[in-house]
file coords16.pdb (PDB, C-alpha atoms)
ATOM      1  CA  MET A   1     -16.936 -18.629   4.592
ATOM      2  CA  SER A   2     -19.111 -15.967   2.970
ATOM      3  CA  ARG A   3     -17.573 -13.873   0.202
ATOM      4  CA  ARG A   4     -16.342 -10.385   1.051
ATOM      5  CA  CYS A   5     -15.713  -7.178  -0.845
ATOM      6  CA  VAL A   6     -12.247  -5.803  -0.164
ATOM      7  CA  VAL A   7     -11.381  -2.261  -1.258
ATOM      8  CA  ALA A   8      -7.673  -1.385  -1.293
ATOM      9  CA  VAL A   9      -6.856   2.341  -1.415
ATOM     10  CA  ASN A  10      -3.391   3.282  -2.651
ATOM     11  CA  ALA A  11      -1.578   6.512  -3.456
ATOM     12  CA  HIS A  12       0.003   5.526  -6.786
ATOM     13  CA  PRO A  13      -0.035   2.720  -9.340
ATOM     14  CA  ASP A  14       2.455   0.009  -8.199
ATOM     15  CA  ASP A  15       1.723   0.460  -4.461
ATOM     16  CA  GLU A  16      -0.998  -2.199  -4.702
ATOM     17  CA  ALA A  17       1.540  -4.745  -5.941
ATOM     18  CA  ILE A  18       4.440  -4.053  -3.592
ATOM     19  CA  LEU A  19       2.906  -3.909  -0.103
ATOM     20  CA  MET A  20      -0.273  -5.966  -0.471
ATOM     21  CA  GLY A  21      -0.202  -7.732  -3.839
ATOM     22  CA  GLY A  22       0.054 -11.239  -2.455
ATOM     23  CA  THR A  23      -2.829 -10.686  -0.053
ATOM     24  CA  LEU A  24      -5.021  -9.220  -2.813
ATOM     25  CA  ALA A  25      -4.193 -12.157  -5.089
ATOM     26  CA  ARG A  26      -5.038 -14.623  -2.329
ATOM     27  CA  LEU A  27      -8.318 -12.825  -1.626
ATOM     28  CA  SER A  28      -9.404 -12.950  -5.258
ATOM     29  CA  ALA A  29      -8.236 -16.560  -5.652
ATOM     30  CA  GLU A  30     -10.495 -17.543  -2.760
ATOM     31  CA  GLY A  31     -13.513 -15.881  -4.317
ATOM     32  CA  HIS A  32     -13.576 -12.485  -2.637
ATOM     33  CA  ARG A  33     -14.225  -9.351  -4.700
ATOM     34  CA  VAL A  34     -11.185  -7.058  -4.802
ATOM     35  CA  VAL A  35     -11.466  -3.406  -5.856
ATOM     36  CA  LEU A  36      -8.392  -1.224  -6.377
ATOM     37  CA  VAL A  37      -8.623   2.525  -5.746
ATOM     38  CA  THR A  38      -5.697   4.742  -6.724
ATOM     39  CA  ALA A  39      -5.647   8.328  -5.510
ATOM     40  CA  THR A  40      -3.288   9.525  -8.266
ATOM     41  CA  ASP A  41      -1.966   8.357 -11.626
ATOM     42  CA  GLY A  42       1.629   8.608 -10.382
ATOM     43  CA  ASP A  43       2.633  11.123 -13.044
ATOM     44  CA  ALA A  44       5.343  12.665 -10.821
ATOM     45  CA  GLY A  45       7.199   9.382 -10.424
ATOM     46  CA  PRO A  46      10.693   8.932 -11.907
ATOM     47  CA  SER A  47      10.919   7.008 -15.158
ATOM     48  CA  CYS A  48      12.812   6.695 -18.412
ATOM     49  CA  ALA A  49      11.748   9.225 -21.024
ATOM     50  CA  GLU A  50      10.324   6.518 -23.293
ATOM     51  CA  TYR A  51       7.580   5.788 -20.770
ATOM     52  CA  ALA A  52       6.555   9.435 -20.572
ATOM     53  CA  VAL A  53       5.566   9.588 -24.256
ATOM     54  CA  GLY A  54       1.854  10.359 -24.287
ATOM     55  CA  GLY A  55       1.967  11.134 -20.564
ATOM     56  CA  LEU A  56       3.500   9.104 -17.756
ATOM     57  CA  GLY A  57       0.258   9.158 -15.762
ATOM     58  CA  ALA A  58      -1.704   7.570 -18.619
ATOM     59  CA  ARG A  59       0.987   4.917 -18.979
ATOM     60  CA  ARG A  60       0.942   4.138 -15.280
ATOM     61  CA  LEU A  61      -2.842   3.727 -15.223
ATOM     62  CA  LEU A  62      -2.518   1.176 -18.039
ATOM     63  CA  GLU A  63       0.116  -0.614 -15.976
ATOM     64  CA  LEU A  64      -2.236  -0.563 -12.989
ATOM     65  CA  ARG A  65      -4.930  -2.296 -15.018
ATOM     66  CA  ALA A  66      -2.444  -4.966 -16.055
ATOM     67  CA  SER A  67      -1.470  -5.398 -12.401
ATOM     68  CA  ALA A  68      -5.141  -5.670 -11.434
ATOM     69  CA  LEU A  69      -5.578  -8.437 -13.997
ATOM     70  CA  ALA A  70      -2.615 -10.332 -12.524
ATOM     71  CA  LEU A  71      -4.059  -9.976  -9.008
ATOM     72  CA  GLY A  72      -7.595 -10.927 -10.047
ATOM     73  CA  ALA A  73      -9.068  -7.560  -9.038
ATOM     74  CA  ALA A  74     -12.581  -6.919 -10.295
ATOM     75  CA  GLU A  75     -12.392  -3.140 -10.730
ATOM     76  CA  VAL A  76      -9.976  -0.202 -10.773
ATOM     77  CA  ILE A  77     -11.065   3.288  -9.679
ATOM     78  CA  ASP A  78      -8.925   6.413 -10.184
ATOM     79  CA  LEU A  79      -9.726   9.340  -7.878
ATOM     80  CA  GLY A  80      -7.925  11.695 -10.259
ATOM     81  CA  TYR A  81      -5.776  13.694  -7.832
ATOM     82  CA  GLY A  82      -2.324  14.885  -8.850
ATOM     83  CA  ASP A  83       0.765  13.007  -7.694
ATOM     84  CA  SER A  84       2.590  15.134  -5.110
ATOM     85  CA  GLY A  85       5.980  13.656  -5.899
ATOM     86  CA  MET A  86       8.937  13.791  -3.546
ATOM     87  CA  GLY A  87      10.468  17.212  -4.231
ATOM     88  CA  PRO A  88       9.359  20.834  -3.787
ATOM     89  CA  GLU A  89       8.738  21.210  -7.530
ATOM     90  CA  SER A  90       5.672  18.992  -7.140
ATOM     91  CA  LEU A  91       3.926  21.239  -4.633
ATOM     92  CA  ARG A  92       2.240  23.267  -7.381
ATOM     93  CA  PRO A  93      -1.164  22.299  -8.856
ATOM     94  CA  CYS A  94      -0.949  19.629 -11.540
ATOM     95  CA  GLY A  95      -2.720  20.476 -14.804
ATOM     96  CA  GLY A  96      -5.710  21.890 -12.964
ATOM     97  CA  ARG A  97      -5.771  19.013 -10.467
ATOM     98  CA  ALA A  98      -4.994  19.454  -6.791
ATOM     99  CA  ARG A  99      -1.937  17.573  -5.595
ATOM    100  CA  LEU A 100      -3.015  14.789  -3.263
ATOM    101  CA  HIS A 101      -1.113  16.111  -0.248
ATOM    102  CA  ALA A 102      -2.996  19.434  -0.534
ATOM    103  CA  VAL A 103      -6.574  18.157  -0.848
ATOM    104  CA  ASP A 104      -9.047  18.621   1.980
ATOM    105  CA  VAL A 105      -9.045  15.367   3.963
ATOM    106  CA  ALA A 106     -12.743  15.554   4.839
ATOM    107  CA  GLU A 107     -13.748  16.175   1.227
ATOM    108  CA  ALA A 108     -11.593  13.350  -0.091
ATOM    109  CA  ALA A 109     -12.837  11.038   2.671
ATOM    110  CA  THR A 110     -16.415  11.728   1.613
ATOM    111  CA  ARG A 111     -15.556  10.599  -1.929
ATOM    112  CA  VAL A 112     -13.767   7.498  -0.702
ATOM    113  CA  GLY A 113     -16.538   6.674   1.759
ATOM    114  CA  ALA A 114     -19.040   6.833  -1.108
ATOM    115  CA  ILE A 115     -16.965   4.219  -2.931
ATOM    116  CA  PHE A 116     -17.004   1.983   0.142
ATOM    117  CA  HIS A 117     -20.793   2.335   0.279
ATOM    118  CA  GLU A 118     -21.270   1.739  -3.450
ATOM    119  CA  GLN A 119     -19.022  -1.313  -3.425
ATOM    120  CA  GLN A 120     -20.585  -2.606  -0.194
ATOM    121  CA  ALA A 121     -17.104  -2.961   1.264
ATOM    122  CA  ASP A 122     -16.610  -5.374   4.134
ATOM    123  CA  VAL A 123     -12.846  -4.857   4.382
ATOM    124  CA  VAL A 124     -10.747  -1.788   3.550
ATOM    125  CA  ILE A 125      -6.971  -1.750   3.172
ATOM    126  CA  GLY A 126      -5.020   1.495   3.597
ATOM    127  CA  TYR A 127      -1.588   2.521   4.905
ATOM    128  CA  ASP A 128      -0.044   2.676   8.345
ATOM    129  CA  GLU A 129       0.315   5.917  10.284
ATOM    130  CA  ALA A 130       3.843   6.525   9.003
ATOM    131  CA  GLY A 131       2.688   6.253   5.409
ATOM    132  CA  GLY A 132       5.194   3.448   4.941
ATOM    133  CA  TYR A 133       8.486   5.150   4.205
ATOM    134  CA  GLY A 134       6.861   8.555   4.699
ATOM    135  CA  HIS A 135       5.891   9.702   1.193
ATOM    136  CA  ARG A 136       3.537  12.657   1.643
ATOM    137  CA  ASP A 137       0.888  10.993  -0.543
ATOM    138  CA  HIS A 138       0.999   7.805   1.513
ATOM    139  CA  VAL A 139       0.519   9.777   4.714
ATOM    140  CA  GLN A 140      -2.419  11.576   3.133
ATOM    141  CA  VAL A 141      -4.023   8.281   2.060
ATOM    142  CA  HIS A 142      -3.704   7.081   5.647
ATOM    143  CA  ARG A 143      -5.564  10.166   6.857
ATOM    144  CA  ILE A 144      -8.251   9.970   4.191
ATOM    145  CA  VAL A 145      -8.997   6.286   4.706
ATOM    146  CA  ARG A 146      -9.080   6.612   8.497
ATOM    147  CA  ARG A 147     -11.558   9.473   8.137
ATOM    148  CA  ALA A 148     -13.660   7.579   5.589
ATOM    149  CA  VAL A 149     -14.142   4.500   7.780
ATOM    150  CA  HIS A 150     -14.613   6.381  11.047
ATOM    151  CA  ASP A 151     -18.400   6.261  10.834
ATOM    152  CA  LEU A 152     -18.538   2.797   9.246
ATOM    153  CA  PRO A 153     -18.291   0.405  12.210
ATOM    154  CA  HIS A 154     -19.222  -2.577  10.038
ATOM    155  CA  VAL A 155     -16.123  -2.097   7.866
ATOM    156  CA  ARG A 156     -12.863  -3.658   9.009
ATOM    157  CA  LEU A 157      -9.810  -1.529   8.319
ATOM    158  CA  PHE A 158      -6.364  -3.008   7.832
ATOM    159  CA  GLU A 159      -3.300  -0.848   7.225
ATOM    160  CA  ALA A 160      -0.516  -2.317   5.112
ATOM    161  CA  THR A 161       2.984  -2.040   6.524
ATOM    162  CA  VAL A 162       6.194  -3.977   7.158
ATOM    163  CA  PRO A 163       8.128  -4.483  10.408
ATOM    164  CA  ARG A 164      10.288  -1.421  11.035
ATOM    165  CA  GLU A 165      13.282  -3.059  12.699
ATOM    166  CA  PRO A 166      14.608  -5.269   9.851
ATOM    167  CA  ILE A 167      14.159  -2.437   7.341
ATOM    168  CA  LEU A 168      16.093  -0.048   9.575
ATOM    169  CA  ARG A 169      18.850  -2.625  10.108
ATOM    170  CA  ALA A 170      19.146  -3.126   6.349
ATOM    171  CA  VAL A 171      19.459   0.584   5.526
ATOM    172  CA  ARG A 172      22.015   1.067   8.294
ATOM    173  CA  ILE A 173      24.104  -1.794   6.926
ATOM    174  CA  GLY A 174      23.807  -0.323   3.431
ATOM    175  CA  HIS A 175      24.936   3.045   4.766
ATOM    176  CA  ARG A 176      27.974   1.550   6.503
ATOM    177  CA  MET A 177      28.910  -0.258   3.271
ATOM    178  CA  HIS A 178      28.598   3.047   1.351
ATOM    179  CA  LEU A 179      25.856   1.622  -0.862
ATOM    180  CA  LEU A 180      23.361   4.424  -0.275
ATOM    181  CA  GLY A 181      25.344   7.535  -1.166
ATOM    182  CA  ASP A 182      24.596  10.421   1.184
ATOM    183  CA  PHE A 183      21.323   8.878   2.371
ATOM    184  CA  ASP A 184      20.838   9.245   6.132
ATOM    185  CA  PRO A 185      19.393   5.989   7.561
ATOM    186  CA  ASN A 186      17.979   7.943  10.503
ATOM    187  CA  GLU A 187      15.383   9.297   8.072
ATOM    188  CA  TRP A 188      13.781   5.862   8.300
ATOM    189  CA  ALA A 189      13.836   5.670  12.096
ATOM    190  CA  GLY A 190      10.090   6.341  12.154
ATOM    191  CA  ALA A 191       9.179   4.485   8.958
ATOM    192  CA  PHE A 192       6.610   1.692   8.781
ATOM    193  CA  THR A 193       5.485  -0.011  12.026
ATOM    194  CA  PRO A 194       7.274  -1.514  15.037
ATOM    195  CA  SER A 195       7.032  -5.288  14.980
ATOM    196  CA  ALA A 196       5.211  -5.369  18.310
ATOM    197  CA  SER A 197       2.363  -3.283  16.863
ATOM    198  CA  ILE A 198       1.675  -5.506  13.858
ATOM    199  CA  THR A 199      -1.593  -7.389  14.330
ATOM    200  CA  HIS A 200      -1.775  -9.510  11.164
ATOM    201  CA  ARG A 201       0.693 -11.421   9.023
ATOM    202  CA  VAL A 202      -0.523 -13.066   5.822
ATOM    203  CA  ASP A 203       1.246 -15.980   4.150
ATOM    204  CA  VAL A 204       1.285 -15.219   0.414
ATOM    205  CA  ARG A 205       4.000 -17.658  -0.675
ATOM    206  CA  ASP A 206       1.538 -19.660  -2.763
ATOM    207  CA  HIS A 207       0.613 -16.460  -4.620
ATOM    208  CA  ILE A 208       4.113 -15.158  -5.282
ATOM    209  CA  HIS A 209       3.749 -15.643  -9.051
ATOM    210  CA  ALA A 210       0.719 -13.330  -9.084
ATOM    211  CA  LYS A 211       2.562 -10.778  -6.943
ATOM    212  CA  ARG A 212       5.601 -10.918  -9.231
ATOM    213  CA  ALA A 213       3.385 -10.507 -12.309
ATOM    214  CA  ALA A 214       1.670  -7.490 -10.722
ATOM    215  CA  MET A 215       5.003  -5.862  -9.908
ATOM    216  CA  ALA A 216       6.346  -6.648 -13.386
ATOM    217  CA  ALA A 217       3.313  -4.909 -14.928
ATOM    218  CA  HIS A 218       4.717  -1.593 -13.688
ATOM    219  CA  GLN A 219       7.499  -1.447 -16.278
ATOM    220  CA  SER A 220       7.877   2.321 -16.064
ATOM    221  CA  GLN A 221       8.740   2.075 -12.373
ATOM    222  CA  ALA A 222      11.299  -0.666 -12.947
ATOM    223  CA  SER A 223      13.083   1.442 -15.545
ATOM    224  CA  SER A 224      16.285   3.300 -14.729
ATOM    225  CA  ALA A 225      16.122   7.083 -14.709
ATOM    226  CA  GLY A 226      19.444   8.890 -14.819
ATOM    227  CA  GLY A 227      21.388   5.661 -14.446
ATOM    228  CA  ARG A 228      19.949   4.882 -11.005
ATOM    229  CA  SER A 229      19.004   1.361  -9.995
ATOM    230  CA  ARG A 230      15.343   1.058  -9.061
ATOM    231  CA  SER A 231      14.243  -1.016  -6.062
ATOM    232  CA  LEU A 232      11.418  -2.581  -8.081
ATOM    233  CA  ALA A 233      13.846  -3.702 -10.785
ATOM    234  CA  LEU A 234      16.175  -5.157  -8.167
ATOM    235  CA  THR A 235      13.280  -7.032  -6.573
ATOM    236  CA  LEU A 236      12.172  -8.475  -9.905
ATOM    237  CA  SER A 237      15.725  -9.652 -10.617
ATOM    238  CA  VAL A 238      15.537 -12.031  -7.658
ATOM    239  CA  PRO A 239      14.744 -15.654  -8.663
ATOM    240  CA  THR A 240      11.202 -16.683  -7.740
ATOM    241  CA  PRO A 241      12.211 -19.202  -5.014
ATOM    242  CA  LEU A 242      14.219 -16.484  -3.244
ATOM    243  CA  LEU A 243      11.490 -13.901  -3.829
ATOM    244  CA  ARG A 244       9.002 -16.305  -2.259
ATOM    245  CA  HIS A 245      11.183 -16.372   0.836
ATOM    246  CA  ALA A 246      11.917 -12.629   0.884
ATOM    247  CA  VAL A 247       8.423 -11.217   0.339
ATOM    248  CA  GLY A 248       6.243 -14.252   0.981
ATOM    249  CA  ARG A 249       4.561 -12.616   3.966
ATOM    250  CA  GLU A 250       2.677  -9.343   4.120
ATOM    251  CA  PHE A 251       1.902  -7.319   7.218
ATOM    252  CA  PHE A 252      -1.029  -5.282   8.493
ATOM    253  CA  VAL A 253      -2.209  -3.300  11.479
ATOM    254  CA  GLU A 254      -5.880  -3.316  12.450
ATOM    255  CA  PRO A 255      -6.276   0.014  14.293
ATOM    256  CA  ARG A 256      -9.677  -0.867  15.760
ATOM    257  CA  ARG A 257      -8.182  -3.793  17.639
ATOM    258  CA  ALA A 258      -7.923  -2.764  21.283
ATOM    259  CA  THR A 259      -4.685  -4.673  21.786
ATOM    260  CA  SER A 260      -1.871  -5.797  19.517
ATOM    261  CA  PRO A 261      -1.137  -9.446  20.326
ATOM    262  CA  PRO A 262       1.774 -11.127  18.561
ATOM    263  CA  ALA A 263       0.730 -11.567  14.932
ATOM    264  CA  PRO A 264       0.013 -15.238  14.140
ATOM    265  CA  ALA A 265       1.899 -16.968  11.348
ATOM    266  CA  ASP A 266      -1.056 -16.581   9.008
ATOM    267  CA  ALA A 267      -3.992 -14.340   9.924
ATOM    268  CA  PHE A 268      -5.674 -14.421   6.496
ATOM    269  CA  ASN A 269      -8.892 -16.041   7.722
ATOM    270  CA  ASP A 270      -9.290 -13.405  10.418
ATOM    271  CA  ILE A 271      -9.057 -10.620   7.842
ATOM    272  CA  VAL A 272     -12.047 -11.954   5.928
ATOM    273  CA  HIS A 273     -13.995 -12.918   9.040
ATOM    274  CA  SER A 274     -17.401 -11.263   9.307
ATOM    275  CA  GLY A 275     -17.077 -10.193  12.928
ATOM    276  CA  THR A 276     -16.277  -6.672  14.061
ATOM    277  CA  VAL A 277     -13.762  -5.633  16.672
ATOM    278  CA  SER A 278     -13.749  -3.148  19.474
ATOM    279  CA  SER A 279     -13.775   0.589  18.873
ATOM    280  CA  PRO A 280     -10.524   2.469  18.158
ATOM    281  CA  GLN A 281      -8.445   3.475  21.097
ATOM    282  CA  LYS A 282      -8.371   7.158  21.914
ATOM    283  CA  GLY A 283      -6.316   9.029  19.345
ATOM    284  CA  GLN A 284      -6.298   6.187  16.818
ATOM    285  CA  HIS A 285      -8.311   8.012  14.182
ATOM    286  CA  GLU A 286      -7.590  11.293  12.467
TER     287      GLU A 286
END
call {"tool": "encode", "arguments": {"input": "coords16.pdb", "output": "structure tokens"}}
result
Amino acid sequence: MSRRCVVAVNAHPDDEAILMGGTLARLSAEGHRVVLVTATDGDAGPSCAEYAVGGLGARRLLELRASALALGAAEVIDLGYGDSGMGPESLRPCGGRARLHAVDVAEAATRVGAIFHEQQADVVIGYDEAGGYGHRDHVQVHRIVRRAVHDLPHVRLFEATVPREPILRAVRIGHRMHLLGDFDPNEWAGAFTPSASITHRVDVRDHIHAKRAAMAAHQSQASSAGGRSRSLALTLSVPTPLLRHAVGREFFVEPRRATSPPAPADAFNDIVHSGTVSSPQKGQHE
């Protein structure tokens, strides 16, 4: 198999580890070049005050480089946009930088497309249409990446996701057990991707140590802010054998695939295959 260049575009530092870290580690372990692109430095993310000394964004970029080392990535590129955060207070410009959600999609796509060209990308990884759980920056990355690859038929696009149904079942159970406060599980009714639409599953159980190390590199995002438990910290508290079972598979949608057959148990070799697929269905690009 010839070696490929895979460019993964994420909204914030730590996203590369959580949704696609095992796949990226497997790619690099098998000799493919992996490049990480982050749209923001994640400076609007919650964290303990100690991690904000000197600037949370600077800290998170250092953590991203440590994660990249754990995953075997060859390069890290920061687009320099401002983190849009989750609340209305983050809608304002950020230290002279435009918040990611407010940038012009075409302009940002031109920048990202130039990276694909410079890196001679064969495979690009972005986010699903829902932007995962719906963070405004994740949705914007989806739009930007779709636009960037639209005129690059030789590039295969895969959008990281997870099956919607088990996630929705879990949050509904948590709600019934009063574990989620006033969180409304219906907010996640459109999150991620229906199982039937997932085209690729990747077995990353043999690379779970690299994925764990990448997640653990993001110490600021595993810290507790205001006494709240963080999902990353809870994940890292799980023993490795159980973590291997829980997150040992990663999921992707290939939007240029004309149909969505049941995802095979391990579609890794298809992801790095040199062939192209049919054009996007009507309405599948932004």
call {"tool": "residues_around", "arguments": {"input": "coords16.pdb", "residues": "Leu56 of chain A", "least_positions_apart": "2", "cutoff": "10 Å", "atoms": "only C-alpha atoms", "output": "CSV table (one decimal) with C-alpha atoms, in the coordinates of the input"}}
result
chain,number,residue,atom,x,y,z
A,41,ASP,CA,-2.0,8.4,-11.6
A,42,GLY,CA,1.6,8.6,-10.4
A,43,ASP,CA,2.6,11.1,-13.0
A,44,ALA,CA,5.3,12.7,-10.8
A,45,GLY,CA,7.2,9.4,-10.4
A,46,PRO,CA,10.7,8.9,-11.9
A,47,SER,CA,10.9,7.0,-15.2
A,48,CYS,CA,12.8,6.7,-18.4
A,49,ALA,CA,11.7,9.2,-21.0
A,50,GLU,CA,10.3,6.5,-23.3
A,51,TYR,CA,7.6,5.8,-20.8
A,52,ALA,CA,6.6,9.4,-20.6
A,53,VAL,CA,5.6,9.6,-24.3
A,54,GLY,CA,1.9,10.4,-24.3
A,58,ALA,CA,-1.7,7.6,-18.6
A,59,ARG,CA,1.0,4.9,-19.0
A,60,ARG,CA,0.9,4.1,-15.3
A,61,LEU,CA,-2.8,3.7,-15.2
A,62,LEU,CA,-2.5,1.2,-18.0
A,220,SER,CA,7.9,2.3,-16.1
call {"tool": "resolve_selection", "arguments": {"input": "coords16.pdb", "expression": "the PyMOL selection byres ((chain A and resi 64) around 8)", "output": "number ranges by chain"}}
result
A: 13-14, 60-63, 65-68, 217-218
call {"tool": "closest_residue", "arguments": {"input": "coords16.pdb", "among": "A:Arg136, A:Arg111, A:Arg146, A:His273", "to": "Arg3 of chain A", "atoms": "all atoms listed in the file"}}
result
A:His273
call {"tool": "closest_residue", "arguments": {"input": "coords16.pdb", "among": "A:Gln120, A:Ser231, A:Val204, A:His135", "to": "Ala29 of chain A", "atoms": "all atoms listed in the file"}}
result
A:Val204
call {"tool": "residues_around", "arguments": {"input": "coords16.pdb", "residues": "His142 of chain A", "least_positions_apart": "6", "cutoff": "9 Å", "atoms": "only C-alpha atoms", "output": "list in words"}}
result
Gly126, Tyr127, Asp128, Glu129, Ala130, Gly131, Glu159 and Glu286 of chain A
call {"tool": "resolve_selection", "arguments": {"input": "coords16.pdb", "expression": "the PyMOL selection byres ((chain A and resi 77) around 10)", "output": "list in words"}}
result
Val9, Val35, Leu36, Val37, Thr38, Ala39, Leu61, Arg65, Glu75, Val76, Asp78, Leu79, Gly80 and Ile115 of chain A
call {"tool": "resolve_selection", "arguments": {"input": "coords16.pdb", "expression": "the PyMOL selection byres ((chain A and resi 214) around 6)", "output": "list in words"}}
result
Ala17, Ser67, Ala70, Lys211, Arg212, Ala213, Met215, Ala216 and Ala217 of chain A
call {"tool": "closest_residue", "arguments": {"input": "coords16.pdb", "among": "A:Ala121, A:Leu69, A:Ala246, A:Ala210", "to": "Pro166 of chain A", "atoms": "only C-alpha atoms"}}
result
A:Ala246
call {"tool": "closest_residue", "arguments": {"input": "coords16.pdb", "among": "A:Ile271, A:Leu19, A:Leu236, A:Val123", "to": "His200 of chain A", "atoms": "only C-alpha atoms"}}
result
A:Ile271
call {"tool": "closest_residue", "arguments": {"input": "coords16.pdb", "among": "A:Pro241, A:Asp151, A:Gly95, A:Ser195", "to": "His117 of chain A", "atoms": "only C-alpha atoms"}}
result
A:Asp151
call {"tool": "residues_around", "arguments": {"input": "coords16.pdb", "residues": "Glu165 of chain A", "least_positions_apart": "4", "cutoff": "9 Å", "atoms": "all atoms listed in the file", "output": "VMD selection string"}}
result
chain A and resid 169 to 170 189 193 to 195
call {"tool": "atom_distance", "arguments": {"input": "coords16.pdb", "atom1": "atom CA of Val247 of chain A", "atom2": "atom CA of Ala233 of chain A"}}
result
14.5 Å
call {"tool": "residues_near_point", "arguments": {"input": "coords16.pdb", "point": "(-14.6, 11.3, 3.1)", "cutoff": "9 Å", "atoms": "all atoms listed in the file", "output": "list in words"}}
result
Val105, Ala106, Glu107, Ala108, Ala109, Thr110, Arg111, Val112, Gly113, Ala114, Ile144, Val145, Arg147, Ala148 and Val149 of chain A
call {"tool": "closest_residue", "arguments": {"input": "coords16.pdb", "among": "A:Val155, A:Leu71, A:Leu234, A:Val202", "to": "Arg256 of chain A", "atoms": "all atoms listed in the file"}}
result
A:Val155
call {"tool": "atom_distance", "arguments": {"input": "coords16.pdb", "atom1": "atom CA of Glu16 of chain A", "atom2": "atom CA of Ser197 of chain A"}}
result
21.9 Å
call {"tool": "atom_distance", "arguments": {"input": "coords16.pdb", "atom1": "atom CA of Gly134 of chain A", "atom2": "atom CA of Phe252 of chain A"}}
result
16.4 Å
call {"tool": "decode", "arguments": {"input": "coords16.pdb", "residues": "segment 36-49 of chain A", "atoms": "N, CA, C and O atoms", "output": "PDB file, in the first residue's frame"}}
result
ATOM      1  N   LEU A  36      -2.039  17.689  11.662  1.00  0.00           N
ATOM      2  CA  LEU A  36      -3.151  18.189  12.469  1.00  0.00           C
ATOM      3  C   LEU A  36      -3.324  19.678  12.221  1.00  0.00           C
ATOM      4  O   LEU A  36      -2.374  20.454  12.346  1.00  0.00           O
ATOM      5  N   VAL A  37      -4.550  20.078  11.883  1.00  0.00           N
ATOM      6  CA  VAL A  37      -4.897  21.492  11.729  1.00  0.00           C
ATOM      7  C   VAL A  37      -5.919  21.834  12.809  1.00  0.00           C
ATOM      8  O   VAL A  37      -6.934  21.143  12.940  1.00  0.00           O
ATOM      9  N   THR A  38      -5.652  22.853  13.594  1.00  0.00           N
ATOM     10  CA  THR A  38      -6.631  23.335  14.563  1.00  0.00           C
ATOM     11  C   THR A  38      -7.078  24.725  14.159  1.00  0.00           C
ATOM     12  O   THR A  38      -6.261  25.595  13.839  1.00  0.00           O
ATOM     13  N   ALA A  39      -8.377  24.943  14.139  1.00  0.00           N
ATOM     14  CA  ALA A  39      -8.906  26.242  13.720  1.00  0.00           C
ATOM     15  C   ALA A  39      -8.728  27.305  14.793  1.00  0.00           C
ATOM     16  O   ALA A  39      -8.571  28.480  14.493  1.00  0.00           O
ATOM     17  N   THR A  40      -8.759  26.897  16.061  1.00  0.00           N
ATOM     18  CA  THR A  40      -8.623  27.834  17.181  1.00  0.00           C
ATOM     19  C   THR A  40      -7.658  27.261  18.211  1.00  0.00           C
ATOM     20  O   THR A  40      -7.311  26.078  18.172  1.00  0.00           O
ATOM     21  N   ASP A  41      -7.272  28.112  19.175  1.00  0.00           N
ATOM     22  CA  ASP A  41      -6.428  27.626  20.270  1.00  0.00           C
ATOM     23  C   ASP A  41      -7.252  27.197  21.482  1.00  0.00           C
ATOM     24  O   ASP A  41      -6.699  26.827  22.513  1.00  0.00           O
ATOM     25  N   GLY A  42      -8.584  27.261  21.369  1.00  0.00           N
ATOM     26  CA  GLY A  42      -9.444  26.790  22.447  1.00  0.00           C
ATOM     27  C   GLY A  42      -9.427  27.664  23.684  1.00  0.00           C
ATOM     28  O   GLY A  42      -9.709  27.189  24.791  1.00  0.00           O
ATOM     29  N   ASP A  43      -9.141  28.965  23.518  1.00  0.00           N
ATOM     30  CA  ASP A  43      -8.972  29.818  24.690  1.00  0.00           C
ATOM     31  C   ASP A  43     -10.278  30.128  25.418  1.00  0.00           C
ATOM     32  O   ASP A  43     -10.252  30.678  26.515  1.00  0.00           O
ATOM     33  N   ALA A  44     -11.422  29.785  24.843  1.00  0.00           N
ATOM     34  CA  ALA A  44     -12.706  30.013  25.515  1.00  0.00           C
ATOM     35  C   ALA A  44     -13.193  28.780  26.262  1.00  0.00           C
ATOM     36  O   ALA A  44     -14.284  28.785  26.838  1.00  0.00           O
ATOM     37  N   GLY A  45     -12.395  27.721  26.264  1.00  0.00           N
ATOM     38  CA  GLY A  45     -12.801  26.504  26.949  1.00  0.00           C
ATOM     39  C   GLY A  45     -12.728  26.654  28.460  1.00  0.00           C
ATOM     40  O   GLY A  45     -11.948  27.461  28.986  1.00  0.00           O
ATOM     41  N   PRO A  46     -13.528  25.887  29.204  1.00  0.00           N
ATOM     42  CA  PRO A  46     -13.475  25.942  30.670  1.00  0.00           C
ATOM     43  C   PRO A  46     -12.210  25.272  31.172  1.00  0.00           C
ATOM     44  O   PRO A  46     -11.690  24.326  30.575  1.00  0.00           O
ATOM     45  N   SER A  47     -11.684  25.771  32.281  1.00  0.00           N
ATOM     46  CA  SER A  47     -10.467  25.198  32.844  1.00  0.00           C
ATOM     47  C   SER A  47     -10.240  25.774  34.228  1.00  0.00           C
ATOM     48  O   SER A  47     -10.763  26.841  34.572  1.00  0.00           O
ATOM     49  N   CYS A  48      -9.421  25.079  35.016  1.00  0.00           N
ATOM     50  CA  CYS A  48      -8.990  25.643  36.291  1.00  0.00           C
ATOM     51  C   CYS A  48      -8.124  26.871  36.040  1.00  0.00           C
ATOM     52  O   CYS A  48      -7.424  26.954  35.022  1.00  0.00           O
ATOM     53  N   ALA A  49      -8.142  27.787  36.982  1.00  0.00           N
ATOM     54  CA  ALA A  49      -7.410  29.045  36.828  1.00  0.00           C
ATOM     55  C   ALA A  49      -5.917  28.816  36.617  1.00  0.00           C
ATOM     56  O   ALA A  49      -5.262  29.573  35.902  1.00  0.00           O
TER      57      ALA A  49
END
